[in-house]
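Below: upload00.tsv (TSV, C-alpha atoms and all ligand atoms)
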chain	number	residue	atom	x	y	z
A	1	MET	CA	92.95	-11.06	16.67
A	2	HIS	CA	92.95	-7.35	15.72
A	3	GLU	CA	95.87	-5.53	17.39
A	4	ASP	CA	93.56	-2.94	19.02
A	5	LEU	CA	91.61	-5.60	20.90
A	6	GLU	CA	92.47	-6.57	24.46
A	7	LYS	CA	90.40	-9.74	24.31
A	8	VAL	CA	87.91	-11.49	22.04
A	9	LEU	CA	84.64	-12.06	23.90
A	10	PHE	CA	82.77	-13.94	21.16
A	11	THR	CA	84.12	-15.45	17.96
A	12	GLN	CA	82.21	-15.28	14.69
A	13	GLU	CA	81.32	-18.96	15.05
A	14	GLN	CA	79.91	-18.45	18.56
A	15	ILE	CA	77.97	-15.38	17.41
A	16	LEU	CA	76.36	-17.11	14.41
A	17	GLN	CA	75.43	-20.12	16.53
A	18	ARG	CA	73.81	-17.93	19.18
A	19	ILE	CA	71.93	-15.81	16.62
A	20	LYS	CA	70.46	-19.01	15.19
A	21	GLU	CA	69.24	-20.06	18.66
A	22	VAL	CA	67.61	-16.67	19.25
A	23	ALA	CA	66.07	-16.72	15.75
A	24	ASP	CA	64.54	-20.13	16.52
A	25	GLU	CA	63.08	-18.76	19.75
A	26	ILE	CA	61.59	-15.76	17.93
A	27	SER	CA	60.23	-18.00	15.14
A	28	ARG	CA	58.43	-20.17	17.71
A	29	ASP	CA	56.95	-17.13	19.49
A	30	TYR	CA	55.72	-15.46	16.29
A	31	GLU	CA	54.56	-18.56	14.44
A	32	GLY	CA	51.76	-17.73	11.97
A	33	ARG	CA	52.50	-13.99	12.13
A	34	GLU	CA	54.54	-11.56	10.07
A	35	LEU	CA	57.25	-9.55	11.80
A	36	MET	CA	58.31	-5.98	11.21
A	37	LEU	CA	61.99	-5.81	12.14
A	38	VAL	CA	63.03	-2.27	13.03
A	39	ALA	CA	66.80	-1.95	13.21
A	40	VAL	CA	68.61	0.99	14.71
A	41	LEU	CA	71.35	2.28	12.40
A	42	LYS	CA	74.15	1.63	12.02
A	43	GLY	CA	75.35	-0.81	14.65
A	44	ALA	CA	72.45	-3.26	14.44
A	45	VAL	CA	72.78	-3.89	10.70
A	46	PHE	CA	75.18	-6.83	10.95
A	47	PHE	CA	73.07	-8.51	13.63
A	48	LEU	CA	69.85	-7.77	11.71
A	49	THR	CA	70.93	-9.43	8.47
A	50	HIS	CA	72.02	-12.64	10.19
A	51	LEU	CA	68.96	-12.72	12.43
A	52	ALA	CA	66.52	-12.03	9.59
A	53	GLN	CA	67.94	-14.80	7.40
A	54	ALA	CA	67.73	-17.31	10.25
A	55	LEU	CA	64.05	-16.56	11.00
A	56	LYS	CA	61.43	-19.07	9.92
A	57	VAL	CA	58.61	-16.51	9.93
A	58	PRO	CA	58.17	-13.86	7.23
A	59	ALA	CA	59.62	-10.48	8.10
A	60	ARG	CA	59.69	-6.97	6.71
A	61	LEU	CA	62.61	-4.66	7.47
A	62	ASP	CA	62.83	-0.99	8.25
A	63	PHE	CA	65.48	1.28	9.71
A	64	LEU	CA	65.64	4.07	12.27
A	65	GLY	CA	68.54	6.49	12.52
A	66	ILE	CA	69.21	8.24	15.77
A	67	ALA	CA	71.49	11.15	16.51
A	68	SER	CA	72.81	12.11	19.90
A	69	PHE	CA	72.23	15.71	20.99
A	70	SER	CA	75.38	15.64	23.06
A	71	PRO	CA	78.71	15.07	21.31
A	72	GLY	CA	80.62	12.15	22.81
A	73	ARG	CA	77.39	10.91	24.40
A	74	ALA	CA	78.10	12.94	27.54
A	75	LEU	CA	74.35	12.99	28.09
A	76	PRO	CA	73.19	9.47	27.27
A	77	GLY	CA	69.61	9.14	26.16
A	78	VAL	CA	69.35	12.68	24.83
A	79	VAL	CA	68.70	11.61	21.28
A	80	ARG	CA	66.49	12.44	18.31
A	81	ILE	CA	65.38	10.50	15.27
A	82	SER	CA	67.59	11.46	12.32
A	83	LYS	CA	66.06	8.94	9.89
A	84	ASP	CA	62.49	7.83	10.43
A	85	LEU	CA	60.86	4.58	9.33
A	86	ASP	CA	59.64	4.38	5.73
A	87	GLN	CA	56.70	2.16	6.63
A	88	ASP	CA	53.64	2.50	8.83
A	89	ILE	CA	53.80	0.14	11.81
A	90	GLN	CA	50.18	0.43	12.92
A	91	ASN	CA	48.77	-3.04	13.75
A	92	MET	CA	52.13	-4.69	12.98
A	93	ASP	CA	54.11	-7.05	15.21
A	94	VAL	CA	57.22	-4.91	15.67
A	95	LEU	CA	60.54	-6.22	16.92
A	96	VAL	CA	63.15	-3.53	17.58
A	97	VAL	CA	66.60	-4.90	16.76
A	98	GLU	CA	69.43	-3.23	18.69
A	99	ASP	CA	73.17	-3.77	18.76
A	100	ILE	CA	73.62	-3.09	22.47
A	101	VAL	CA	71.52	-1.93	25.39
A	102	ASP	CA	73.60	-0.03	27.91
A	103	THR	CA	71.80	2.48	30.18
A	104	GLY	CA	68.56	1.77	28.29
A	105	LEU	CA	67.85	5.47	27.80
A	106	THR	CA	68.06	5.40	24.00
A	107	LEU	CA	65.70	2.46	23.83
A	108	ARG	CA	63.26	4.01	26.28
A	109	TYR	CA	62.98	7.01	23.98
A	110	LEU	CA	62.55	4.84	20.86
A	111	LEU	CA	59.93	2.62	22.48
A	112	ASN	CA	57.95	5.69	23.54
A	113	VAL	CA	57.99	7.02	19.97
A	114	LEU	CA	57.10	3.67	18.37
A	115	SER	CA	54.36	2.72	20.83
A	116	GLY	CA	52.59	5.98	19.92
A	117	ARG	CA	52.17	4.61	16.38
A	118	GLN	CA	49.92	1.82	17.65
A	119	PRO	CA	51.70	-1.37	16.62
A	120	GLN	CA	49.93	-4.61	17.46
A	121	SER	CA	52.92	-5.61	19.59
A	122	LEU	CA	56.30	-4.06	20.35
A	123	CYS	CA	59.26	-6.07	21.64
A	124	VAL	CA	63.02	-5.70	21.82
A	125	CYS	CA	65.76	-8.02	20.59
A	126	THR	CA	69.32	-6.98	21.37
A	127	PHE	CA	72.60	-8.49	20.28
A	128	LEU	CA	74.48	-7.45	23.44
A	129	ASP	CA	73.22	-6.47	26.87
A	130	LYS	CA	75.23	-4.56	29.48
A	131	ALA	CA	72.55	-5.28	32.07
A	132	THR	CA	74.60	-4.03	35.04
A	133	ARG	CA	74.68	-0.51	33.53
A	134	ARG	CA	70.92	-0.13	33.21
A	135	LEU	CA	69.46	3.16	34.49
A	136	VAL	CA	65.88	2.58	33.32
A	137	ASP	CA	63.86	-0.60	33.23
A	138	ILE	CA	63.53	-1.75	29.62
A	139	PRO	CA	61.66	-4.90	28.63
A	140	VAL	CA	64.35	-6.78	26.66
A	141	ARG	CA	62.54	-9.88	25.34
A	142	TYR	CA	65.45	-11.46	23.43
A	143	ARG	CA	69.20	-11.11	23.92
A	144	CYS	CA	72.12	-12.95	22.41
A	145	PHE	CA	74.76	-12.21	25.03
A	146	GLU	CA	75.04	-10.43	28.36
A	147	ILE	CA	78.42	-8.70	28.64
A	148	PRO	CA	80.46	-7.03	31.41
A	149	ASP	CA	80.76	-3.25	31.74
A	150	ARG	CA	83.58	-2.88	29.22
A	151	PHE	CA	83.66	-1.01	25.89
A	152	VAL	CA	83.32	-3.53	23.08
A	153	VAL	CA	83.59	-3.29	19.29
A	154	GLY	CA	83.02	-5.51	16.27
A	155	PHE	CA	80.08	-7.22	14.56
A	156	GLY	CA	78.52	-3.78	13.97
A	157	LEU	CA	79.69	-2.01	17.12
A	158	ASP	CA	82.06	0.90	16.64
A	159	TYR	CA	84.44	3.31	18.29
A	160	ASN	CA	84.44	6.56	16.28
A	161	GLN	CA	82.93	4.65	13.32
A	162	ARG	CA	85.79	2.14	13.27
A	163	TYR	CA	85.90	-1.62	13.95
A	164	ARG	CA	82.29	-2.28	12.84
A	165	THR	CA	83.43	-4.77	10.23
A	166	LEU	CA	85.35	-7.05	12.62
A	167	PRO	CA	83.71	-10.49	12.49
A	168	CYS	CA	84.06	-11.02	16.27
A	169	VAL	CA	83.16	-8.98	19.37
A	170	GLY	CA	86.09	-7.86	21.50
A	171	ILE	CA	87.09	-5.49	24.27
A	172	LEU	CA	88.88	-2.45	22.90
A	173	LYS	CA	92.32	-1.70	24.41
A	174	SER	CA	92.17	1.39	26.64
A	175	GLN	CA	95.25	2.82	24.85
A	176	VAL	CA	93.02	3.33	21.80
A	177	TYR	CA	90.95	5.98	23.63
A	178	ALA	CA	94.11	7.72	24.82
A	179	ARG	CA	95.44	8.21	21.29
B	201	LIG	P1	72.11	3.48	25.99
B	201	LIG	O1	71.14	4.59	25.68
B	201	LIG	O2	73.01	3.86	27.13
B	201	LIG	O3	71.46	2.14	26.24
B	201	LIG	O4	73.11	3.42	24.78
B	201	LIG	C1	73.06	2.51	23.78
B	201	LIG	C2	74.03	2.93	22.71
B	201	LIG	O5	75.32	3.25	23.27
B	201	LIG	C3	74.29	1.82	21.74
B	201	LIG	O6	73.34	1.81	20.69
B	201	LIG	C4	75.70	2.14	21.27
B	201	LIG	O7	75.66	3.08	20.21
B	201	LIG	C5	76.37	2.81	22.45
B	201	LIG	N1	77.22	1.88	23.23
B	201	LIG	C6	77.08	1.56	24.53
B	201	LIG	N2	78.03	0.70	24.93
B	201	LIG	C7	78.81	0.47	23.86
B	201	LIG	C8	79.99	-0.37	23.62
B	201	LIG	O8	80.51	-1.07	24.50
B	201	LIG	N3	80.49	-0.35	22.35
B	201	LIG	C9	79.95	0.41	21.34
B	201	LIG	N4	78.87	1.19	21.52
B	201	LIG	C10	78.30	1.22	22.76

Can I see the file as structure tokens?
Amino acid sequence: MHEDLEKVLFTQEQILQRIKEVADEISRDYEGRELMLVAVLKGAVFFLTHLAQALKVPARLDFLGIASFSPGRALPGVVRISKDLDQDIQNMDVLVVEDIVDTGLTLRYLLNVLSGRQPQSLCVCTFLDKATRRLVDIPVRYRCFEIPDRFVVGFGLDYNQRYRTLPCVGILKSQVYAR
């Protein structure tokens, strides 16, 4: 275990197993259709690649970058698109792939923007869900894991751009913020 972690919540083996289960569920639901996977940079990239390879339906990929207006995320949900999609999503079956849904404010903004582009369908698949922290009601169709209200890193999730490459998901030690 990495020395900055207080506890490992999910090992790499547990994560890959769960992603496969969710990919099977998505493949059943979208049978006969082609998916447009829209991943939110950068955290969702690790989840996206594993999910996409486990799908049994064809899928295109695209990426959205978002930037927070408030440094340190003091005002959650106040975001703007810093990198837009390269492809048109009109009449496509779009699945937004997120690393974590916390208050839901970021996703509410993204779903508003994307629904205005008239996709055929628009659903959300998140790797982690801090459901108890939700401030706005967001329709999360697929989730790998629900987690407690603790700050987690690894498998794409960062603290100040660090720890993304850890193969597991763990709770970050509080001493790390104090440094
Ligand atoms: P929301 O708008 O509050 O749902 O914020 C979602 C975003 O907050 C995620 O995309 C992450 O960038 C960040 N975030 C929330 N909780 C955590 C965490 O525990 N670890 C790392 N990033 C987090």

Within 12 Å of Ile15 (chain A), counting all atoms listed in the file, which residues qualify if same-chain residues fewer than 5 places away don't, as a list in words?
Val8, Leu9, Phe10, Lys20, Glu21, Val22, Phe46, Phe47, His50, Leu51, Phe127, Leu128, Arg143, Cys144, Phe145, Gly154, Phe155, Pro167, Cys168, Val169 and Gly170 of chain A

For the selection you just gave me, I'd like the residues written to a file as a PDB file, keeping the file's coordinate frame, keeping C-alpha atoms.
ATOM      1  CA  VAL A   8      87.910 -11.490  22.040  1.00  0.00           C
ATOM      2  CA  LEU A   9      84.640 -12.060  23.900  1.00  0.00           C
ATOM      3  CA  PHE A  10      82.770 -13.940  21.160  1.00  0.00           C
ATOM      4  CA  LYS A  20      70.460 -19.010  15.190  1.00  0.00           C
ATOM      5  CA  GLU A  21      69.240 -20.060  18.660  1.00  0.00           C
ATOM      6  CA  VAL A  22      67.610 -16.670  19.250  1.00  0.00           C
ATOM      7  CA  PHE A  46      75.180  -6.830  10.950  1.00  0.00           C
ATOM      8  CA  PHE A  47      73.070  -8.510  13.630  1.00  0.00           C
ATOM      9  CA  HIS A  50      72.020 -12.640  10.190  1.00  0.00           C
ATOM     10  CA  LEU A  51      68.960 -12.720  12.430  1.00  0.00           C
ATOM     11  CA  PHE A 127      72.600  -8.490  20.280  1.00  0.00           C
ATOM     12  CA  LEU A 128      74.480  -7.450  23.440  1.00  0.00           C
ATOM     13  CA  ARG A 143      69.200 -11.110  23.920  1.00  0.00           C
ATOM     14  CA  CYS A 144      72.120 -12.950  22.410  1.00  0.00           C
ATOM     15  CA  PHE A 145      74.760 -12.210  25.030  1.00  0.00           C
ATOM     16  CA  GLY A 154      83.020  -5.510  16.270  1.00  0.00           C
ATOM     17  CA  PHE A 155      80.080  -7.220  14.560  1.00  0.00           C
ATOM     18  CA  PRO A 167      83.710 -10.490  12.490  1.00  0.00           C
ATOM     19  CA  CYS A 168      84.060 -11.020  16.270  1.00  0.00           C
ATOM     20  CA  VAL A 169      83.160  -8.980  19.370  1.00  0.00           C
ATOM     21  CA  GLY A 170      86.090  -7.860  21.500  1.00  0.00           C
TER      22      GLY A 170
END

Per residue of chain A within 6 Å of ligand LIG 201 (chain B), what are the shortest atom pair and its distance in Å to one decimal, counting all atoms listed in the file, with rows by chain and residue number, as a Markdown table?
| residue | atom | partner | partner_atom | distance |
| --- | --- | --- | --- | --- |
| A:Pro76 | CA | B:LIG201 | O1 | 5.5 |
| A:Gly77 | CA | B:LIG201 | O1 | 4.8 |
| A:Asp99 | CA | B:LIG201 | O6 | 5.9 |
| A:Ile100 | CA | B:LIG201 | C3 | 5.0 |
| A:Val101 | CA | B:LIG201 | O3 | 4.2 |
| A:Asp102 | CA | B:LIG201 | O3 | 3.5 |
| A:Thr103 | CA | B:LIG201 | O2 | 3.6 |
| A:Gly104 | CA | B:LIG201 | O3 | 3.6 |
| A:Leu105 | CA | B:LIG201 | O1 | 4.0 |
| A:Thr106 | CA | B:LIG201 | O1 | 3.6 |
| A:Arg150 | CA | B:LIG201 | O8 | 5.9 |
| A:Phe151 | CA | B:LIG201 | O8 | 3.4 |
| A:Val152 | CA | B:LIG201 | O8 | 4.0 |
| A:Val153 | CA | B:LIG201 | N3 | 5.3 |
| A:Leu157 | CA | B:LIG201 | C9 | 4.9 |
| A:Asp158 | CA | B:LIG201 | C9 | 5.2 |

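Around region 117-124 of chain A, within 9 Å and counting only C-alpha atoms, the residues found are Asp88, Ile89, Gln90, Asn91, Met92, Asp93, Val94, Leu95, Val96, Val97, Glu98, Leu107, Leu111, Val113, Ile138, Pro139, Val140, Arg141, Tyr142 and Arg143 of chain A, once anything fewer than 4 positions away on its own chain is removed.
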
File of the preceding selection, C-alpha atoms, as a PDB file, in the frame of the given file:
ATOM      1  CA  ASP A  88      53.640   2.500   8.830  1.00  0.00           C
ATOM      2  CA  ILE A  89      53.800   0.140  11.810  1.00  0.00           C
ATOM      3  CA  GLN A  90      50.180   0.430  12.920  1.00  0.00           C
ATOM      4  CA  ASN A  91      48.770  -3.040  13.750  1.00  0.00           C
ATOM      5  CA  MET A  92      52.130  -4.690  12.980  1.00  0.00           C
ATOM      6  CA  ASP A  93      54.110  -7.050  15.210  1.00  0.00           C
ATOM      7  CA  VAL A  94      57.220  -4.910  15.670  1.00  0.00           C
ATOM      8  CA  LEU A  95      60.540  -6.220  16.920  1.00  0.00           C
ATOM      9  CA  VAL A  96      63.150  -3.530  17.580  1.00  0.00           C
ATOM     10  CA  VAL A  97      66.600  -4.900  16.760  1.00  0.00           C
ATOM     11  CA  GLU A  98      69.430  -3.230  18.690  1.00  0.00           C
ATOM     12  CA  LEU A 107      65.700   2.460  23.830  1.00  0.00           C
ATOM     13  CA  LEU A 111      59.930   2.620  22.480  1.00  0.00           C
ATOM     14  CA  VAL A 113      57.990   7.020  19.970  1.00  0.00           C
ATOM     15  CA  ILE A 138      63.530  -1.750  29.620  1.00  0.00           C
ATOM     16  CA  PRO A 139      61.660  -4.900  28.630  1.00  0.00           C
ATOM     17  CA  VAL A 140      64.350  -6.780  26.660  1.00  0.00           C
ATOM     18  CA  ARG A 141      62.540  -9.880  25.340  1.00  0.00           C
ATOM     19  CA  TYR A 142      65.450 -11.460  23.430  1.00  0.00           C
ATOM     20  CA  ARG A 143      69.200 -11.110  23.920  1.00  0.00           C
TER      21      ARG A 143
END

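Pairwise distance (CA of Leu35 (chain A), CA of Leu55 (chain A)) equals 9.8 Å.
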
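If you look at CA of Arg164 (chain A) and CA of Glu13 (chain A), they are 16.9 Å away from each other.
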
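Going from CA of Tyr177 (chain A) to CA of Val78 (chain A) covers 22.6 Å.
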
Among A:Arg133, A:Arg80, A:His2, A:Arg28, Leu64 (chain A) is approached most closely, using all atoms listed in the file, by A:Arg80

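Using all atoms listed in the file, the shortest contact distance between Glu6 (chain A) and any of A:Val38, A:Val57, A:Ile171, A:Val176 is found at A:Ile171.
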
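Nearest to Val136 (chain A) of all the residues A:Ser115, A:Asp149, A:Tyr109, A:Met1 is A:Tyr109, based on all atoms listed in the file.
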